[in-house]
Amino acid sequence: MTPFIKKSETKKNWYLINAENLVVGRLAAYISKILRGKNKPSFNTHIDNGDFIIVTNIEKIKFTGKKFNQKIYYKHTGHPGGIKSSTPATFTSKNKVSEILRLAVKRMLPGGPLAKKQLTKLKIYQGDKHPHESQKIEELNFKTMNKKNTISL
């Protein structure tokens, strides 16, 4: 039986992932697992036990196959006929590359207030620099976990 832990007993770690040449879906699945805290033995569904994640070089993230031009993200405004669609190519043309990964991770988390709180622990930056140097950051080498995690050019 998993022991129930209190919020004061949780320990939040900081992880850094370099997204250069990484596949979006595989990276989003791994990030959502860490944000929820499923990588810890003290995981409970009702407690925010997850860690912080910093993702750098987001502009160099890759899609497999033809998804960069053919994948469609839908959103509805709530008004009749208010369905809007966009592709990853339109996100990059509008310089909103971080929204591609944020949407992928958001849709892998369960819906509700706890998931929204967990999503705030995801920090996405373009380039190598980030303002979190004062934290004790552990670098995760996601490329070496599986050869399918990267796309080599």
# chains A, B, ... in the order shown; residues from 1 in each chain; ligands from 1

$ residues_around --residues "Ile72 (chain A)" --least-positions-apart "6" --cutoff "12 Å" --atoms "only C-alpha atoms" --output "compact mmCIF listing (two decimals) with N, CA and C atoms, in the first residue's frame"
# COMPACT_ATOMS: atom_id res chain seq x y z
N LYS A 66 5.07 13.38 -41.61
CA LYS A 66 4.60 14.64 -42.19
C LYS A 66 3.75 15.43 -41.21
N ILE A 83 -15.22 26.99 -34.62
CA ILE A 83 -14.09 26.06 -34.53
C ILE A 83 -12.90 26.66 -35.28
N LYS A 84 -11.76 26.64 -34.61
CA LYS A 84 -10.52 27.18 -35.18
C LYS A 84 -9.53 26.03 -35.30
N SER A 85 -8.72 26.07 -36.34
CA SER A 85 -7.72 25.02 -36.51
C SER A 85 -6.38 25.65 -36.84
N SER A 86 -5.33 24.97 -36.43
CA SER A 86 -3.97 25.42 -36.75
C SER A 86 -3.07 24.19 -36.80
N THR A 87 -1.91 24.36 -37.41
CA THR A 87 -0.93 23.30 -37.55
C THR A 87 0.36 23.72 -36.85
N PRO A 88 1.27 22.80 -36.61
CA PRO A 88 2.56 23.19 -36.03
C PRO A 88 3.31 24.19 -36.91
N ALA A 89 3.11 24.13 -38.22
CA ALA A 89 3.77 25.10 -39.11
C ALA A 89 3.26 26.51 -38.85
N THR A 90 1.95 26.66 -38.56
CA THR A 90 1.43 28.00 -38.27
C THR A 90 1.92 28.49 -36.91
N PHE A 91 2.10 27.58 -35.95
CA PHE A 91 2.65 27.99 -34.65
C PHE A 91 4.06 28.53 -34.81
N ILE A 100 3.44 24.41 -28.96
CA ILE A 100 3.32 23.05 -29.51
C ILE A 100 3.55 22.03 -28.39
N LEU A 103 0.82 22.36 -25.49
CA LEU A 103 -0.45 21.71 -25.84
C LEU A 103 -0.34 20.20 -25.75

$ residues_around --residues "Pro110 (chain A)" --least-positions-apart "6" --cutoff "12 Å" --atoms "only C-alpha atoms" --output "PyMOL selection string"
chain A and resi 32-33+35-36+45-46+116-119

$ atom_distance --atom1 "CA of Asn39 (chain A)" --atom2 "CA of Glu99 (chain A)"
24.5 Å

$ residues_around --residues "Glu20 (chain A)" --least-positions-apart "4" --cutoff "8 Å" --atoms "only C-alpha atoms" --output "PyMOL selection string"
chain A and resi 57-61

$ select_by_dssp --residues "region 103-146 of chain A" --states "alpha helix (DSSP H)" --output "VMD selection string"
chain A and resid 103 to 108 113 to 119

$ closest_residue --among "A:Lys67, A:Lys40, A:Lys96, A:Lys6" --to "Val24 (chain A)" --atoms "only C-alpha atoms"
A:Lys67

$ residues_around --residues "Asn21 (chain A)" --least-positions-apart "2" --cutoff "8 Å" --atoms "only C-alpha atoms" --output "PyMOL selection string"
chain A and resi 19+23+60-62+150-152

$ closest_residue --among "A:His76, A:Lys121, A:Arg107, A:His130" --to "Asn18 (chain A)" --atoms "only C-alpha atoms"
A:His130

$ select_by_dssp --residues "chain A" --states "strand (DSSP E)" --output "ChimeraX atom specification"
/A:14-18,52-56,73-76,83-86,122-124,137-140

$ atom_distance --atom1 "CA of Thr10 (chain A)" --atom2 "CA of Asn44 (chain A)"
11.2 Å

$ closest_residue --among "A:Val97, A:Leu16, A:Met108, A:Leu27" --to "Glu133 (chain A)" --atoms "only C-alpha atoms"
A:Leu16

$ residues_around --residues "Asn149 (chain A)" --least-positions-apart "5" --cutoff "8 Å" --atoms "only C-alpha atoms" --output "VMD selection string"
chain A and resid 22 to 23 26 to 27 142 to 144

$ write_last_selection --atoms "C-alpha atoms" --output "PDB file, in the first residue's frame"
ATOM      1  CA  LEU A  22      13.784  15.398 -29.878  1.00  0.00           C
ATOM      2  CA  VAL A  23      10.423  13.966 -30.967  1.00  0.00           C
ATOM      3  CA  ARG A  26       7.744  11.094 -26.805  1.00  0.00           C
ATOM      4  CA  LEU A  27       9.060  14.145 -24.963  1.00  0.00           C
ATOM      5  CA  PHE A 142      16.411  12.171 -22.815  1.00  0.00           C
ATOM      6  CA  LYS A 143      18.291  11.380 -26.032  1.00  0.00           C
ATOM      7  CA  THR A 144      20.100   8.395 -24.554  1.00  0.00           C
TER       8      THR A 144
END

$ closest_residue --among "A:Tyr30, A:His79, A:Lys71, A:Pro3" --to "Ser42 (chain A)" --atoms "only C-alpha atoms"
A:Pro3

$ closest_residue --among "A:Leu140, A:Lys75, A:Asn69, A:Ser93" --to "Ile34 (chain A)" --atoms "only C-alpha atoms"
A:Leu140

$ closest_residue --among "A:Phe4, A:Phe63, A:Phe43, A:Phe52" --to "Thr120 (chain A)" --atoms "only C-alpha atoms"
A:Phe52

$ atom_distance --atom1 "CA of Ile124 (chain A)" --atom2 "CA of Gly37 (chain A)"
18.7 Å
